[in-house]
Amino acid sequence: MTIAHAGLGERLGALTPERLRGIRRGIEKESLRALPDGMLALTPHPAALGSALTHPHITTDYSESQLELITGVHAGVQACLDELTEVHQYTYRVLREAGDEMLWVSSMPCGLPTDETIPIGRYGSSNIGRAKSVYRMGLGHRYGRRMQTISGIHYNWSLPGVTSEQYFALIRNFRRHAFLLLYLFGASPAVCSNFVLGRSHELQPLTNNTLYMPHGTSLRMGRLGYQSDAQASLAVSYNSLDGYAASLHDALTRPWPAYEGLGILNPGGDYIQLATSLLQIENEFYGNIRPKRTIFPGERPLHALRERGVEYVEVRLLDLNPFEPVGINAQTMRFIDVFLLHCLLSDSPPDTPQEIAELAHNQNLTAARGREPGLQLRRDGHEVGLVDWGGELLQALDPVAQALDAVHGGQDYSQAVRSAQAMLQDATALPSARVLAAMAEHDNSFLRFTRERSRHTREVLLAQPWSAPQQARFEALAEQSRRDQKAIEAADSQPFEVFRQEYVSPRRLGLFAGAAAQQVLHDEGAAQHQREPADQR
């Protein structure tokens, strides 16, 4: 799809300063707990951090060793970054009190033990806590535990007055242009060789213990990432909420033979997955951006979307930047604000199967070879240079950045775009290139470089000012989270199997019964067929 900017200026001009000031963002940041030697810490989630089930800011992702640090919703970029920093500061203080663990600053994991000994997250004895662990057990059986230890940053974003239809238009444009974010902010061009033991891959050896792609940007978002044959069978369209929901409904209710072969219980009677469908729950569906809606307690995410529409989008393709204390900086956040607003305001034709295939090709190519001079991507069936296409996009972002600067004062948003333009022309300034250059100072060892950056980051954050009121507030949050977990456990009245069957029941997925969902899928497919050129059918 060629870049279509018709109407962008008119739509931008129609946004009042109040609406532009109404942009909200929040961050979820994953990091592995690592030992001083760079190996994965196998200790339980530190008790002083509170309950991973109920704490609003500190939880775990896939593994018991994988922290997820979460901000609230913020009107200002700096306020969001400040809160993320504060959560890091408390976390590091708890880790220091407990021993010498640190947070791994790369998206690609530290030294890992054998797959089966990577600990999955534990959330207590309640039904919902057990379900979270069983879901993770299922992910391990389906994709392997190593893949789940890859970490990233999720950027949640909203603008007041945006409809579900408009959010899906944003998502389509984001997917078209996501290659630019991978190029600019990818920071995972290398990995420990033990990460790919027993797997086929296209990586090249750099040293005995380090593999890399010479021009790679984000191995996390390429073929090494969260992918499987089962998920590859999903042809999800983002042309409407109904079509997207029907696609997920189908994946959540369609039996998958390999997973049926696993069963729900192992021979010893232990749960090994929540369901035998293609997806156990909605979060298993991987994408570089998701439509989201805040859920009520016990509600399925798909039901929330169908009932109340899209509330915000979750950008999921950002690597941890090892050169930033909390993995991201304000300039990157402002660039994403500009990028998302441009995606929202630009023309966004419906996607087609041909275009969806092109987007997957572009993502994998940029992840593996993004800095390769003269790299060509696909657009509308034709080849176009990544740098040329990126330049067109960045030029189109200028008026959006200027509009945000006019509202907030200063030149911060325009400077974020200018910085991106400079990196587009000088690949050595990109985070992925900086990682490889810095690794060269550590004998080209991914482990040694990231271990030293992790140590440095730990020292930087522990050295920052920290007050008694801050400490007291976080201790109170931790204590409240433990009380909340106990209350949930005390309130359980169902056997777990009854709870599990009820939770995965198709009737809890929202407005459509199965037949209606199939009809929407059929209608979407027919419409896409009509839009395809005859020679692409």
# chains A, B, ... in the order shown; residues from 1 in each chain; ligands from 1
$ closest_atom_pairs --of "stretch 152-230 of chain A" --to "stretch 365-379 of chain A" --cutoff "10 Å" --atoms "only C-alpha atoms" --output "tab-separated table"
residue	atom	partner	partner_atom	distance
A:Arg176	CA	A:Arg379	CA	8.9
A:Ala178	CA	A:Thr366	CA	9.6
A:Phe179	CA	A:Thr366	CA	6.2
A:Leu180	CA	A:Thr366	CA	8.5
A:Leu181	CA	A:Thr366	CA	9.7
A:Leu182	CA	A:Ala367	CA	6.6
A:Tyr183	CA	A:Gly370	CA	5.9
A:Leu184	CA	A:Gly370	CA	9.4
A:Gly186	CA	A:Ala367	CA	7.6
A:Ala187	CA	A:Ala367	CA	9.9
A:Ser188	CA	A:Ala367	CA	8.9
A:Pro189	CA	A:Ala368	CA	7.8
A:Glu202	CA	A:Ala368	CA	8.9
A:Leu203	CA	A:Ala368	CA	8.8
A:Tyr212	CA	A:Ala368	CA	9.2
A:Met213	CA	A:Ala368	CA	6.2
A:Pro214	CA	A:Arg369	CA	7.5
A:His215	CA	A:Arg369	CA	4.7
A:Gly216	CA	A:Ala368	CA	4.3
A:Thr217	CA	A:Ala367	CA	5.0
A:Ser218	CA	A:Ala367	CA	4.6
A:Leu219	CA	A:Ala367	CA	5.8
A:Arg220	CA	A:Ala367	CA	7.8
A:Met221	CA	A:Ala367	CA	6.1
A:Gly222	CA	A:Ala367	CA	5.2
A:Arg223	CA	A:Ala368	CA	8.4
A:Leu224	CA	A:Ala368	CA	9.8
$ write_last_selection --atoms "C-alpha atoms" --output "CSV table (one decimal), in the first residue's frame"
chain,number,residue,atom,x,y,z
A,176,ARG,CA,2.1,-1.3,7.1
A,178,ALA,CA,6.0,-1.1,11.5
A,179,PHE,CA,9.2,-1.8,9.7
A,180,LEU,CA,10.3,1.7,10.5
A,181,LEU,CA,10.0,1.2,14.2
A,182,LEU,CA,11.9,-2.1,14.0
A,183,TYR,CA,14.7,-0.3,12.1
A,184,LEU,CA,14.9,2.7,14.4
A,186,GLY,CA,15.4,-2.6,17.3
A,187,ALA,CA,18.2,-3.4,19.8
A,188,SER,CA,18.6,-7.2,19.6
A,189,PRO,CA,20.9,-8.2,16.8
A,202,GLU,CA,19.8,-18.4,10.0
A,203,LEU,CA,22.1,-16.8,12.6
A,212,TYR,CA,24.1,-12.7,15.4
A,213,MET,CA,22.9,-11.2,12.1
A,214,PRO,CA,25.4,-8.7,10.8
A,215,HIS,CA,22.7,-6.2,9.7
A,216,GLY,CA,20.0,-7.4,12.1
A,217,THR,CA,17.9,-5.0,14.1
A,218,SER,CA,15.5,-7.1,16.2
A,219,LEU,CA,15.9,-10.8,16.4
A,220,ARG,CA,13.1,-10.8,18.9
A,221,MET,CA,10.6,-9.7,16.2
A,222,GLY,CA,11.9,-12.0,13.6
A,223,ARG,CA,11.8,-15.7,13.0
A,224,LEU,CA,13.3,-16.5,16.4
$ residues_around --residues "A:Cys192" --least-positions-apart "2" --cutoff "6 Å" --atoms "only C-alpha atoms" --output "list in words"
Asn194, Phe195, Asn209 and Thr210 of chain A
$ write_last_selection --atoms "C-alpha atoms" --output "CSV table (one decimal), in the first residue's frame"
chain,number,residue,atom,x,y,z
A,194,ASN,CA,22.5,-21.7,23.8
A,195,PHE,CA,19.2,-20.0,23.1
A,209,ASN,CA,29.1,-18.4,22.4
A,210,THR,CA,27.5,-15.6,20.4
$ atom_distance --atom1 "atom CA of A:Met333" --atom2 "atom CA of A:Glu101"
28.2 Å
$ atom_distance --atom1 "atom CA of A:Ala230" --atom2 "atom CA of A:Trp256"
8.0 Å
$ select_by_dssp --residues "stretch 302-461 of chain A" --states "helix (DSSP H, G or I)" --output "ChimeraX atom specification"
/A:302-308,330-345,353-369,386-408,412-425,427-429,431-442,446-461
$ write_last_selection --atoms "C-alpha atoms" --output "mmCIF file, in the first residue's frame"
data_model
loop_
_atom_site.group_PDB
_atom_site.id
_atom_site.type_symbol
_atom_site.label_atom_id
_atom_site.label_comp_id
_atom_site.auth_asym_id
_atom_site.auth_seq_id
_atom_site.Cartn_x
_atom_site.Cartn_y
_atom_site.Cartn_z
ATOM 1 C CA LEU A 302 -12.774 -10.735 23.619
ATOM 2 C CA HIS A 303 -16.093 -10.251 25.400
ATOM 3 C CA ALA A 304 -14.955 -6.806 26.594
ATOM 4 C CA LEU A 305 -13.972 -5.774 23.055
ATOM 5 C CA ARG A 306 -17.250 -6.949 21.572
ATOM 6 C CA GLU A 307 -19.396 -5.376 24.270
ATOM 7 C CA ARG A 308 -17.670 -2.012 24.685
ATOM 8 C CA ALA A 330 11.318 10.147 26.405
ATOM 9 C CA GLN A 331 12.393 10.838 22.823
ATOM 10 C CA THR A 332 11.416 7.341 21.707
ATOM 11 C CA MET A 333 8.062 7.703 23.464
ATOM 12 C CA ARG A 334 7.380 11.005 21.740
ATOM 13 C CA PHE A 335 8.267 9.523 18.375
ATOM 14 C CA ILE A 336 5.776 6.704 18.960
ATOM 15 C CA ASP A 337 3.109 9.276 19.864
ATOM 16 C CA VAL A 338 3.724 11.055 16.547
ATOM 17 C CA PHE A 339 3.829 7.765 14.624
ATOM 18 C CA LEU A 340 0.547 6.507 16.123
ATOM 19 C CA LEU A 341 -1.238 9.806 15.559
ATOM 20 C CA HIS A 342 -0.093 9.754 11.926
ATOM 21 C CA CYS A 343 -1.367 6.173 11.580
ATOM 22 C CA LEU A 344 -4.724 7.289 12.972
ATOM 23 C CA LEU A 345 -5.150 10.332 10.735
ATOM 24 C CA PRO A 353 -4.309 -11.410 2.055
ATOM 25 C CA GLN A 354 -1.647 -10.254 -0.411
ATOM 26 C CA GLU A 355 -0.777 -7.245 1.710
ATOM 27 C CA ILE A 356 -0.793 -9.262 4.946
ATOM 28 C CA ALA A 357 1.773 -11.617 3.379
ATOM 29 C CA GLU A 358 3.887 -8.632 2.308
ATOM 30 C CA LEU A 359 3.820 -7.216 5.825
ATOM 31 C CA ALA A 360 5.059 -10.493 7.318
ATOM 32 C CA HIS A 361 7.847 -10.558 4.721
ATOM 33 C CA ASN A 362 8.831 -6.954 5.512
ATOM 34 C CA GLN A 363 8.864 -7.574 9.258
ATOM 35 C CA ASN A 364 11.087 -10.642 9.023
ATOM 36 C CA LEU A 365 13.420 -8.981 6.525
ATOM 37 C CA THR A 366 13.799 -5.801 8.594
ATOM 38 C CA ALA A 367 14.353 -7.790 11.786
ATOM 39 C CA ALA A 368 17.086 -9.915 10.225
ATOM 40 C CA ARG A 369 18.695 -7.518 7.706
ATOM 41 C CA LEU A 386 13.588 0.619 3.143
ATOM 42 C CA VAL A 387 15.425 3.927 3.480
ATOM 43 C CA ASP A 388 13.352 5.523 0.690
ATOM 44 C CA TRP A 389 10.057 4.357 2.177
ATOM 45 C CA GLY A 390 11.168 5.367 5.655
ATOM 46 C CA GLY A 391 12.126 8.805 4.381
ATOM 47 C CA GLU A 392 8.660 9.311 2.889
ATOM 48 C CA LEU A 393 7.104 8.369 6.203
ATOM 49 C CA LEU A 394 9.321 10.605 8.299
ATOM 50 C CA GLN A 395 8.596 13.567 6.052
ATOM 51 C CA ALA A 396 4.880 12.952 6.554
ATOM 52 C CA LEU A 397 5.361 12.892 10.343
ATOM 53 C CA ASP A 398 6.656 16.491 10.456
ATOM 54 C CA PRO A 399 3.271 18.282 10.566
ATOM 55 C CA VAL A 400 2.007 15.858 13.217
ATOM 56 C CA ALA A 401 5.040 16.560 15.390
ATOM 57 C CA GLN A 402 4.600 20.308 14.893
ATOM 58 C CA ALA A 403 0.965 20.093 15.969
ATOM 59 C CA LEU A 404 1.947 18.282 19.176
ATOM 60 C CA ASP A 405 4.719 20.819 19.844
ATOM 61 C CA ALA A 406 2.213 23.655 19.396
ATOM 62 C CA VAL A 407 0.021 22.142 22.086
ATOM 63 C CA HIS A 408 2.749 21.170 24.561
ATOM 64 C CA ASP A 412 10.504 17.928 21.681
ATOM 65 C CA TYR A 413 8.242 16.125 19.219
ATOM 66 C CA SER A 414 9.874 17.671 16.153
ATOM 67 C CA GLN A 415 13.288 16.842 17.584
ATOM 68 C CA ALA A 416 12.230 13.204 17.973
ATOM 69 C CA VAL A 417 11.402 13.093 14.264
ATOM 70 C CA ARG A 418 14.667 14.855 13.310
ATOM 71 C CA SER A 419 16.613 12.331 15.362
ATOM 72 C CA ALA A 420 14.862 9.496 13.514
ATOM 73 C CA GLN A 421 15.698 11.128 10.173
ATOM 74 C CA ALA A 422 19.370 11.249 11.163
ATOM 75 C CA MET A 423 19.355 7.567 12.179
ATOM 76 C CA LEU A 424 17.651 6.597 8.942
ATOM 77 C CA GLN A 425 20.589 8.072 7.030
ATOM 78 C CA ALA A 427 22.737 3.240 10.381
ATOM 79 C CA THR A 428 25.731 3.291 12.759
ATOM 80 C CA ALA A 429 23.676 5.465 15.126
ATOM 81 C CA PRO A 431 20.605 0.962 18.790
ATOM 82 C CA SER A 432 21.193 -2.361 16.998
ATOM 83 C CA ALA A 433 24.449 -1.086 15.494
ATOM 84 C CA ARG A 434 25.499 0.424 18.833
ATOM 85 C CA VAL A 435 24.957 -2.942 20.528
ATOM 86 C CA LEU A 436 27.285 -4.703 18.085
ATOM 87 C CA ALA A 437 29.891 -1.926 18.376
ATOM 88 C CA ALA A 438 29.796 -2.128 22.182
ATOM 89 C CA MET A 439 29.980 -5.925 22.081
ATOM 90 C CA ALA A 440 33.264 -5.592 20.197
ATOM 91 C CA GLU A 441 34.692 -4.005 23.364
ATOM 92 C CA HIS A 442 33.702 -7.151 25.281
ATOM 93 C CA PHE A 446 26.681 -10.956 23.935
ATOM 94 C CA LEU A 447 26.709 -12.299 27.485
ATOM 95 C CA ARG A 448 29.661 -10.187 28.649
ATOM 96 C CA PHE A 449 28.356 -6.992 27.075
ATOM 97 C CA THR A 450 24.834 -7.350 28.459
ATOM 98 C CA ARG A 451 26.099 -8.455 31.865
ATOM 99 C CA GLU A 452 28.213 -5.300 32.147
ATOM 100 C CA ARG A 453 25.372 -3.073 30.929
ATOM 101 C CA SER A 454 23.044 -4.714 33.461
ATOM 102 C CA ARG A 455 25.529 -4.107 36.281
ATOM 103 C CA HIS A 456 25.971 -0.496 35.190
ATOM 104 C CA THR A 457 22.216 0.064 35.013
ATOM 105 C CA ARG A 458 21.772 -1.413 38.488
ATOM 106 C CA GLU A 459 24.346 1.012 39.883
ATOM 107 C CA VAL A 460 22.804 4.007 38.098
ATOM 108 C CA LEU A 461 19.300 3.352 39.411
#
$ select_by_dssp --residues "stretch 262-371 of chain A" --states "strand (DSSP E)" --output "PyMOL selection string"
chain A and resi 289-292+312-318
$ residues_around --residues "A:Leu139" --least-positions-apart "3" --cutoff "12 Å" --atoms "only C-alpha atoms" --output "JSON, numbers by chain"
{"A": [61, 62, 63, 120, 121, 132, 133, 134, 135, 136, 142, 143, 144, 145, 146, 147, 148, 149, 226, 227, 228, 259, 272, 273, 274, 275, 276, 278, 279, 280, 281, 283, 284, 285]}
$ residues_around --residues "A:Pro350" --least-positions-apart "4" --cutoff "8 Å" --atoms "only C-alpha atoms" --output "PyMOL selection string"
chain A and resi 172+238-239
$ write_last_selection --atoms "N, CA and C atoms" --output "mmCIF file, in the first residue's frame"
data_model
loop_
_atom_site.group_PDB
_atom_site.id
_atom_site.type_symbol
_atom_site.label_atom_id
_atom_site.label_comp_id
_atom_site.auth_asym_id
_atom_site.auth_seq_id
_atom_site.Cartn_x
_atom_site.Cartn_y
_atom_site.Cartn_z
ATOM 1 N N ARG A 172 -4.189 -0.936 11.035
ATOM 2 C CA ARG A 172 -3.785 -1.338 9.669
ATOM 3 C C ARG A 172 -2.579 -0.522 9.209
ATOM 4 N N TYR A 238 -7.695 -7.050 10.000
ATOM 5 C CA TYR A 238 -7.939 -5.927 10.907
ATOM 6 C C TYR A 238 -8.866 -4.899 10.263
ATOM 7 N N ASN A 239 -9.775 -5.379 9.404
ATOM 8 C CA ASN A 239 -10.665 -4.455 8.691
ATOM 9 C C ASN A 239 -11.866 -4.013 9.513
#
$ closest_atom_pairs --of "stretch 233-321 of chain A" --to "stretch 477-499 of chain A" --cutoff "12 Å" --atoms "only C-alpha atoms" --output "JSON lines"
{"residue": "A:Ile264", "atom": "CA", "partner": "A:Glu497", "partner_atom": "CA", "distance": 10.3}
{"residue": "A:Leu265", "atom": "CA", "partner": "A:Glu497", "partner_atom": "CA", "distance": 10.8}
{"residue": "A:Gly269", "atom": "CA", "partner": "A:Glu497", "partner_atom": "CA", "distance": 11.9}
{"residue": "A:Asp270", "atom": "CA", "partner": "A:Glu497", "partner_atom": "CA", "distance": 11.5}
{"residue": "A:Tyr271", "atom": "CA", "partner": "A:Glu497", "partner_atom": "CA", "distance": 9.7}
{"residue": "A:Gln273", "atom": "CA", "partner": "A:Glu497", "partner_atom": "CA", "distance": 11.9}
{"residue": "A:Leu274", "atom": "CA", "partner": "A:Glu497", "partner_atom": "CA", "distance": 9.8}
{"residue": "A:Ala275", "atom": "CA", "partner": "A:Glu497", "partner_atom": "CA", "distance": 11.5}
{"residue": "A:Pro297", "atom": "CA", "partner": "A:Ile488", "partner_atom": "CA", "distance": 11.1}
{"residue": "A:Gly298", "atom": "CA", "partner": "A:Phe499", "partner_atom": "CA", "distance": 10.6}
$ closest_residue --among "A:Gly140, A:Gly129, A:Gly161, A:Pro109" --to "A:Ser193" --atoms "only C-alpha atoms"
A:Pro109
$ atom_distance --atom1 "atom CA of A:Gly138" --atom2 "atom CA of A:Asp115"
13.6 Å
$ residues_around --residues "A:Ser237" --least-positions-apart "2" --cutoff "8 Å" --atoms "only C-alpha atoms" --output "VMD selection string"
chain A and resid 235 239 to 240 243 to 244 247 351 to 352
$ residues_around --residues "A:Leu40" --least-positions-apart "6" --cutoff "9 Å" --atoms "only C-alpha atoms" --output "ChimeraX atom specification"
/A:32-34,65,104,109-113,118
